[in-house]
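Novice: Please read through the structure below; I'll follow up with questions.
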Amino acid sequence: MYKISFIFGCLLMPFALLSQGLLSNTGNRKMTTLNGNWNYIVDPYETGYLNFHSEVFDQKNANSPSAFYNNYHPKNKLELVEYDFDKSPLMKVPGDWNTQKEKLFYYEGSVWFRRTFDYNLKANKRLFVYFGAINYKADVYLNGKKLGIHEGGFTPFNFDITSVVKAKGNYLIVKVDNRRFKEAVPTLNTDWWNYGGITRTVSLIEEPDVYIRDYNIQLKKGRHNVIAGFIKLGHAVKNEKLTISIPELKIEKDIETNTEGDIEFELAVSELIKYWSPGSPKLYTVYIKSAYQTLKDDIGFRTIETKGPDILLNGKSIFLRGISLHEEIAGRRANSEADALTLLTWAKQLGCNYVRLAHYPHNENILRMADKMGLMVWEEIPVYWTIDFNNTATYNNAKNQLTEVITRDKNRACVIIWSMANETPLSEARNTFLVNLVSHAKTLDSTRLVSAALLTRSENGIGVIDDKIGAYLDIVAFNEYMGWYGGDLKTAPDAKWTSPYDKPVVVSEFGGSAKQGLHGSKDERWNEEYQAYLYQQNLLMIEKIPNIRGVSPWILTDFRSPRRLLPGIQDGFNRKGLISDKGKKKKAFYTLHAFYKKMAGQYD
Ligand code: GCU
């Protein structure tokens, strides 16, 4: 067993996450959007960040006119300034630069973005700037002052700008750097496009001086009629009275925080709770009221647990009829509510009750949409393939991304699984890294299940699922590519699998590629008939795997990948989608749909 010893004692964060505590539920706060056209400057040599001896301006000579974040303009006809945001082109935020600007399709480097705004902030109010996500690293400045940096391309962060914002002429400037590097999370090699940019929403959030920063309101673990959680205020200096109310459950409870603004609570519920489930995705309106503000959220209540090989939702054994998704639609980063509705509607048409959001936290829109539409969710951090498992900063980065996604989504009933990793190579360092992440996830959220997409091995022709990490997971999930990366589809239905764990097993990936519209014999790779046959044979095999309780085939839609280069077939896309990047369904879509129709009758 792996001792859960922290890899490195002190919590060194060279990536120096300086953003204050994350604001939750930003969509229901007093928000001014900064989405829209931003000026941008492509800066491959980081001319606006480093002097000619590669010293960082904001650490060496912060007021330098050459530092782009100073938004400088020449004071006279002689002064030398070699950039000008006012005369620079525009790009849409949120959005990736690769698909917005043809010259940036393959660009990996730094791009500066600038947004100007006025804001009349009244006394006793606070103002935050909130970013849904920036891929990959962001250096953020307001009016020439460095607010901080954030590393990690798929989780939100915010900065308190109360002391920096002006009534007129604010300039918010962000250096976005999407270069890949060995110590990053994810690391150098991924099978998805490295979309760079301010890829999710940006907003100004106005709060009272003492504000409701974060809260957790869910069923207490193992209890069906007790709601428990915490509330954290920001900038509290004394005990504060709060009221939690859930009108439909006839709950109205007054509580009081400590002097730091923190409170933990439990609410006994006498009314009958309508539990959240895919078939009945009931959400309750919850209000948190302080002396200074009232915050509203829509929260579902349900239990999720495992018992031997079973996954129990509200005490009932379920089968996860899933599909994997990248955060991509029509060959670009997905980010809007409309994108989320399109993707999850396709999942519902497939007969899914569950989606695997691979390989990184997706945008909040799709989580709130899954809550509403009734789809259970597997969320994952991008600890993908050959991460630098021996590196402190890498571990702390992964841990920070896990903290940020759990902070953001811990009130979403649809989320049932936190996934620590995908197809990571076996090693002692990797095991310790993952075991510590599991421990951290359980510390932040004891109510949800933890898993990871593992690899398997073959022994005398039998598939063996005995990755040591399985001992620490609630669900043993694994990826298999029978009929695509090996194996014989003809005999697949007779393949045997074994695992030492008396736990639920989920096939987190299987699949094969097909060019939509290409037809031929089921014995020829790349056509739709082959893909459909691969699905048919894999599903016959999967339903016989001991303890099988779910599957999320790879993948809902074709997606861009720099690794998929076969002309006329892949053309820079991974074609394992059941739907093409043009939104056209392939034959295998209907093969999976038929299987799920059959499974639905058996479980729920
Ligand atoms: C792997 C991996 C995916 C990848 C897929 C493929 O299992 O998890 O990210 O896209 O296989 O090879 O298509």
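Identifiers in this document derive from the order of the structure tokens: chains are assigned A, B, ..., residues are numbered from 1 separately in each chain, and ligands are numbered from 1 in order of occurrence.
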List all protein, DNA and RNA residues that have an atom no more than 8 Å from any atom of ligand 1, counting only C-alpha atoms and all ligand atoms, and report them as a PyMOL selection string.
Specialist: chain A and resi 190-192+358-359+384+422-423+453+479-481+509-513+554+574-576
Novice: Would you give me, as a tab-separated table, each residue of stretch 464-487 of chain A having an atom within 12 Å of an atom of stretch 523-533 of chain A, along with its shortest atom pair and that distance in Å to one decimal, using only C-alpha atoms and sorting by chain and residue number?
Specialist:
```
residue	atom	partner	partner_atom	distance
A:Tyr481	CA	A:Gln531	CA	11.8
A:Met482	CA	A:Tyr533	CA	11.5
A:Gly483	CA	A:Gln531	CA	9.3
A:Trp484	CA	A:Arg525	CA	8.6
A:Tyr485	CA	A:Arg525	CA	11.4
```
Novice: Write a file of the selected residues as an mmCIF file, in the first residue's frame, keeping all heavy atoms.
Specialist:
```cif
data_model
loop_
_atom_site.group_PDB
_atom_site.id
_atom_site.type_symbol
_atom_site.label_atom_id
_atom_site.label_comp_id
_atom_site.auth_asym_id
_atom_site.auth_seq_id
_atom_site.Cartn_x
_atom_site.Cartn_y
_atom_site.Cartn_z
ATOM 1 N N TYR A 481 -8.836 -0.725 -26.307
ATOM 2 C CA TYR A 481 -9.056 -0.409 -27.713
ATOM 3 C C TYR A 481 -9.050 -1.671 -28.566
ATOM 4 O O TYR A 481 -8.383 -1.750 -29.592
ATOM 5 C CB TYR A 481 -8.046 0.636 -28.192
ATOM 6 C CG TYR A 481 -8.522 2.022 -27.840
ATOM 7 C CD1 TYR A 481 -8.205 2.610 -26.615
ATOM 8 C CD2 TYR A 481 -9.386 2.709 -28.691
ATOM 9 C CE1 TYR A 481 -8.699 3.861 -26.275
ATOM 10 C CE2 TYR A 481 -9.873 3.969 -28.357
ATOM 11 C CZ TYR A 481 -9.527 4.524 -27.145
ATOM 12 O OH TYR A 481 -10.018 5.766 -26.795
ATOM 13 N N MET A 482 -9.831 -2.631 -28.102
ATOM 14 C CA MET A 482 -9.969 -3.899 -28.833
ATOM 15 C C MET A 482 -10.452 -3.603 -30.259
ATOM 16 O O MET A 482 -11.455 -2.896 -30.436
ATOM 17 C CB MET A 482 -11.001 -4.777 -28.119
ATOM 18 C CG MET A 482 -11.318 -6.066 -28.809
ATOM 19 S SD MET A 482 -9.986 -7.255 -28.700
ATOM 20 C CE MET A 482 -10.215 -7.868 -27.033
ATOM 21 N N GLY A 483 -9.663 -4.064 -31.234
ATOM 22 C CA GLY A 483 -10.088 -3.888 -32.624
ATOM 23 C C GLY A 483 -9.593 -2.602 -33.242
ATOM 24 O O GLY A 483 -9.790 -2.366 -34.431
ATOM 25 N N TRP A 484 -8.924 -1.733 -32.426
ATOM 26 C CA TRP A 484 -8.359 -0.543 -33.042
ATOM 27 C C TRP A 484 -6.843 -0.516 -32.877
ATOM 28 O O TRP A 484 -6.107 -0.416 -33.835
ATOM 29 C CB TRP A 484 -8.973 0.747 -32.515
ATOM 30 C CG TRP A 484 -8.507 1.905 -33.354
ATOM 31 C CD1 TRP A 484 -7.538 2.800 -33.050
ATOM 32 C CD2 TRP A 484 -8.929 2.186 -34.694
ATOM 33 N NE1 TRP A 484 -7.354 3.672 -34.103
ATOM 34 C CE2 TRP A 484 -8.179 3.305 -35.129
ATOM 35 C CE3 TRP A 484 -9.849 1.621 -35.574
ATOM 36 C CZ2 TRP A 484 -8.361 3.861 -36.401
ATOM 37 C CZ3 TRP A 484 -10.018 2.165 -36.837
ATOM 38 C CH2 TRP A 484 -9.282 3.282 -37.233
ATOM 39 N N TYR A 485 -6.365 -0.641 -31.612
ATOM 40 C CA TYR A 485 -4.916 -0.684 -31.378
ATOM 41 C C TYR A 485 -4.443 -2.110 -31.151
ATOM 42 O O TYR A 485 -3.429 -2.354 -30.505
ATOM 43 C CB TYR A 485 -4.545 0.204 -30.186
ATOM 44 C CG TYR A 485 -4.782 1.666 -30.435
ATOM 45 C CD1 TYR A 485 -5.590 2.427 -29.572
ATOM 46 C CD2 TYR A 485 -4.238 2.304 -31.549
ATOM 47 C CE1 TYR A 485 -5.821 3.768 -29.812
ATOM 48 C CE2 TYR A 485 -4.462 3.659 -31.791
ATOM 49 C CZ TYR A 485 -5.259 4.374 -30.926
ATOM 50 O OH TYR A 485 -5.493 5.703 -31.165
#
```
Novice: From a backbone DSSP assignment, name each residue in stretch 149-388 of chain A labelled strand (DSSP E), as JSON, numbers by chain.
Specialist: {"A": [149, 150, 151, 157, 158, 159, 160, 170, 171, 172, 173, 174, 175, 176, 177, 202, 203, 204, 205, 206, 207, 208, 211, 212, 213, 214, 215, 216, 217, 218, 219, 226, 227, 228, 229, 230, 231, 232, 233, 234, 241, 242, 243, 244, 245, 246, 251, 252, 253, 254, 255, 256, 262, 263, 264, 265, 266, 267, 268, 284, 285, 286, 287, 288, 289, 294, 295, 296, 297, 298, 299, 304, 305, 306, 307, 310, 311, 312, 313, 316, 317, 318, 320, 321, 324, 325, 328, 329, 332, 333, 354, 355, 356, 357, 376, 377, 378, 379, 380]}
Novice: Rank A:Met420, A:Ala268, A:Ile251, A:Leu295 by their smallest atom-to-atom distance to A:Lys30, using only C-alpha atoms, and report the top residue only.
Specialist: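 Counting only C-alpha atoms, the residue closest to A:Lys30 is A:Leu295.
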Novice: List the spatial neighbours of A:Asp409 as a list in words - criterion: any atom at most 10 Å away, only C-alpha atoms, same-chain residues fewer than 3 positions off excluded.
Specialist: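 After dropping sequence-adjacent residues, the list is Ser24, Asn25, Asn216, Pro361, Glu364, Leu367, Arg368, Glu379, Glu404, Val405, Ile406, Arg412, Ala413, Cys414 and Val415 of chain A.
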Novice: Pull N, CA, C and O atoms from the residues just selected and write them as a CSV table (one decimal), in the first residue's frame.
Specialist:
```
chain,number,residue,atom,x,y,z
A,24,SER,N,-17.5,31.4,-5.8
A,24,SER,CA,-18.3,30.4,-6.5
A,24,SER,C,-19.6,31.0,-7.0
A,24,SER,O,-20.0,32.1,-6.6
A,25,ASN,N,-20.2,30.3,-7.9
A,25,ASN,CA,-21.5,30.7,-8.4
A,25,ASN,C,-21.5,32.1,-9.0
A,25,ASN,O,-22.4,32.9,-8.7
A,216,ASN,N,-20.8,25.3,0.4
A,216,ASN,CA,-21.1,23.9,0.0
A,216,ASN,C,-22.4,23.5,0.6
A,216,ASN,O,-22.5,23.6,1.9
A,361,PRO,N,-11.1,19.8,-16.7
A,361,PRO,CA,-12.4,20.4,-16.3
A,361,PRO,C,-13.0,21.2,-17.5
A,361,PRO,O,-12.3,22.0,-18.1
A,364,GLU,N,-18.2,25.8,-17.0
A,364,GLU,CA,-19.2,25.7,-16.0
A,364,GLU,C,-20.6,25.6,-16.7
A,364,GLU,O,-21.5,24.9,-16.1
A,367,LEU,N,-21.7,22.0,-17.0
A,367,LEU,CA,-22.0,21.3,-15.7
A,367,LEU,C,-23.4,21.7,-15.3
A,367,LEU,O,-24.2,20.9,-14.8
A,368,ARG,N,-23.7,23.0,-15.4
A,368,ARG,CA,-25.1,23.5,-15.0
A,368,ARG,C,-26.1,22.9,-16.0
A,368,ARG,O,-27.3,22.6,-15.6
A,379,GLU,N,-15.8,14.2,-13.9
A,379,GLU,CA,-14.9,15.3,-14.2
A,379,GLU,C,-13.4,14.9,-14.0
A,379,GLU,O,-13.2,14.1,-13.1
A,404,GLU,N,-9.4,23.7,-7.6
A,404,GLU,CA,-10.3,24.7,-8.3
A,404,GLU,C,-11.5,24.1,-8.9
A,404,GLU,O,-12.6,24.7,-8.8
A,405,VAL,N,-11.4,22.9,-9.5
A,405,VAL,CA,-12.6,22.3,-10.1
A,405,VAL,C,-13.5,21.8,-9.0
A,405,VAL,O,-14.8,22.0,-9.1
A,406,ILE,N,-13.0,21.3,-7.9
A,406,ILE,CA,-13.9,20.9,-6.8
A,406,ILE,C,-14.6,22.1,-6.2
A,406,ILE,O,-15.8,22.1,-5.9
A,412,ARG,N,-22.8,20.8,-7.7
A,412,ARG,CA,-23.5,20.3,-8.8
A,412,ARG,C,-23.8,18.8,-8.6
A,412,ARG,O,-23.0,18.0,-8.6
A,413,ALA,N,-25.1,18.5,-8.4
A,413,ALA,CA,-25.5,17.1,-8.2
A,413,ALA,C,-25.1,16.2,-9.3
A,413,ALA,O,-24.8,15.1,-9.1
A,414,CYS,N,-25.0,16.7,-10.5
A,414,CYS,CA,-24.6,15.9,-11.7
A,414,CYS,C,-23.3,15.3,-11.5
A,414,CYS,O,-23.0,14.2,-12.0
A,415,VAL,N,-22.3,16.0,-10.9
A,415,VAL,CA,-21.0,15.4,-10.7
A,415,VAL,C,-21.0,14.3,-9.7
A,415,VAL,O,-21.3,14.5,-8.6
```
Novice: Can you list every residue of stretch 255-367 of chain A that has an atom at most 9 Å from stretch 151-161 of chain A, with its nearest atom pair and the distance in Å to one decimal, using only C-alpha atoms, ordered by chain then number, as a Markdown table?
Specialist:
```
| residue | atom | partner | partner_atom | distance |
| --- | --- | --- | --- | --- |
| A:Tyr360 | CA | A:Phe154 | CA | 6.4 |
| A:Pro361 | CA | A:Phe154 | CA | 5.5 |
| A:His362 | CA | A:Phe154 | CA | 6.6 |
| A:Asn363 | CA | A:Phe154 | CA | 7.6 |
```
Novice: Which one is closest to A:Ile227: A:Asn365, A:Ser277, A:Gln537, A:Asn411? Count only C-alpha atoms.
Specialist: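 That would be A:Asn411, the residue with the smallest distance to A:Ile227.
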Novice: Please list as JSON, numbers by chain every residue within 12 Å of A:Gln570, counting only C-alpha atoms and excluding residues in the same chain fewer than 4 positions away.
Specialist: {"A": [513, 514, 515, 516, 526, 527, 558, 559, 560, 561, 562, 563, 564, 565, 566, 574, 575, 576, 577, 580, 581]}
Novice: Stretch 111-356 of chain A: which residues are alpha helix (DSSP H) by DSSP, as a VMD selection string?
Specialist: chain A and resid 337 to 350
Novice: Which of these residues is nearest to A:Gln100, using only C-alpha atoms: A:Gly487, A:Pro74, A:Gly197, A:Gly351?
Specialist: A:Gly197
Novice: Which residue, A:Met376, A:Ile323, A:Leu402, A:Ile318, has the smallest gap to A:Phe589 when you use only C-alpha atoms?
Specialist: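 Of A:Met376, A:Ile323, A:Leu402, A:Ile318, the one nearest A:Phe589 is A:Ile323, counting only C-alpha atoms.
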Novice: So, with only C-alpha atoms as the atoms that count, which of A:Ala600, A:Leu78, A:Ala334, A:Leu320 lies closest to A:Val551?
Specialist: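 Ranking A:Ala600, A:Leu78, A:Ala334, A:Leu320 by distance to A:Val551, first place goes to A:Leu320.
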Novice: Which residues are near stretch 164-176 of chain A? Cut-off 10 Å, only C-alpha atoms, ignore same chain within fewer than 4 positions. Put them as number ranges by chain.
Specialist: A: 34, 38-43, 46, 48-49, 68-71, 85, 109-122, 126-129, 134-147, 149-150, 160, 196-198
Novice: Any idea what's packed within 8 Å of A:Ile542, counting only C-alpha atoms, ignoring anything in its chain fewer than 3 positions away? Could you give it as a ChimeraX atom specification?
Specialist: /A:493,507,538-539,545,548
Novice: Under the rule that only C-alpha atoms are counted, which of A:Leu434, A:Thr187, A:Phe57, A:Thr199 is the nearest residue to A:Gly36?
Specialist: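 With only C-alpha atoms as the atom set, the closest residue is A:Thr199.
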Novice: Do you know which residues are at most 10 Å from A:Lys241 counting only C-alpha atoms, after dropping those on the same chain fewer than 6 positions away, and could you put them as a ChimeraX atom specification?
Specialist: /A:254-258,261,289-291
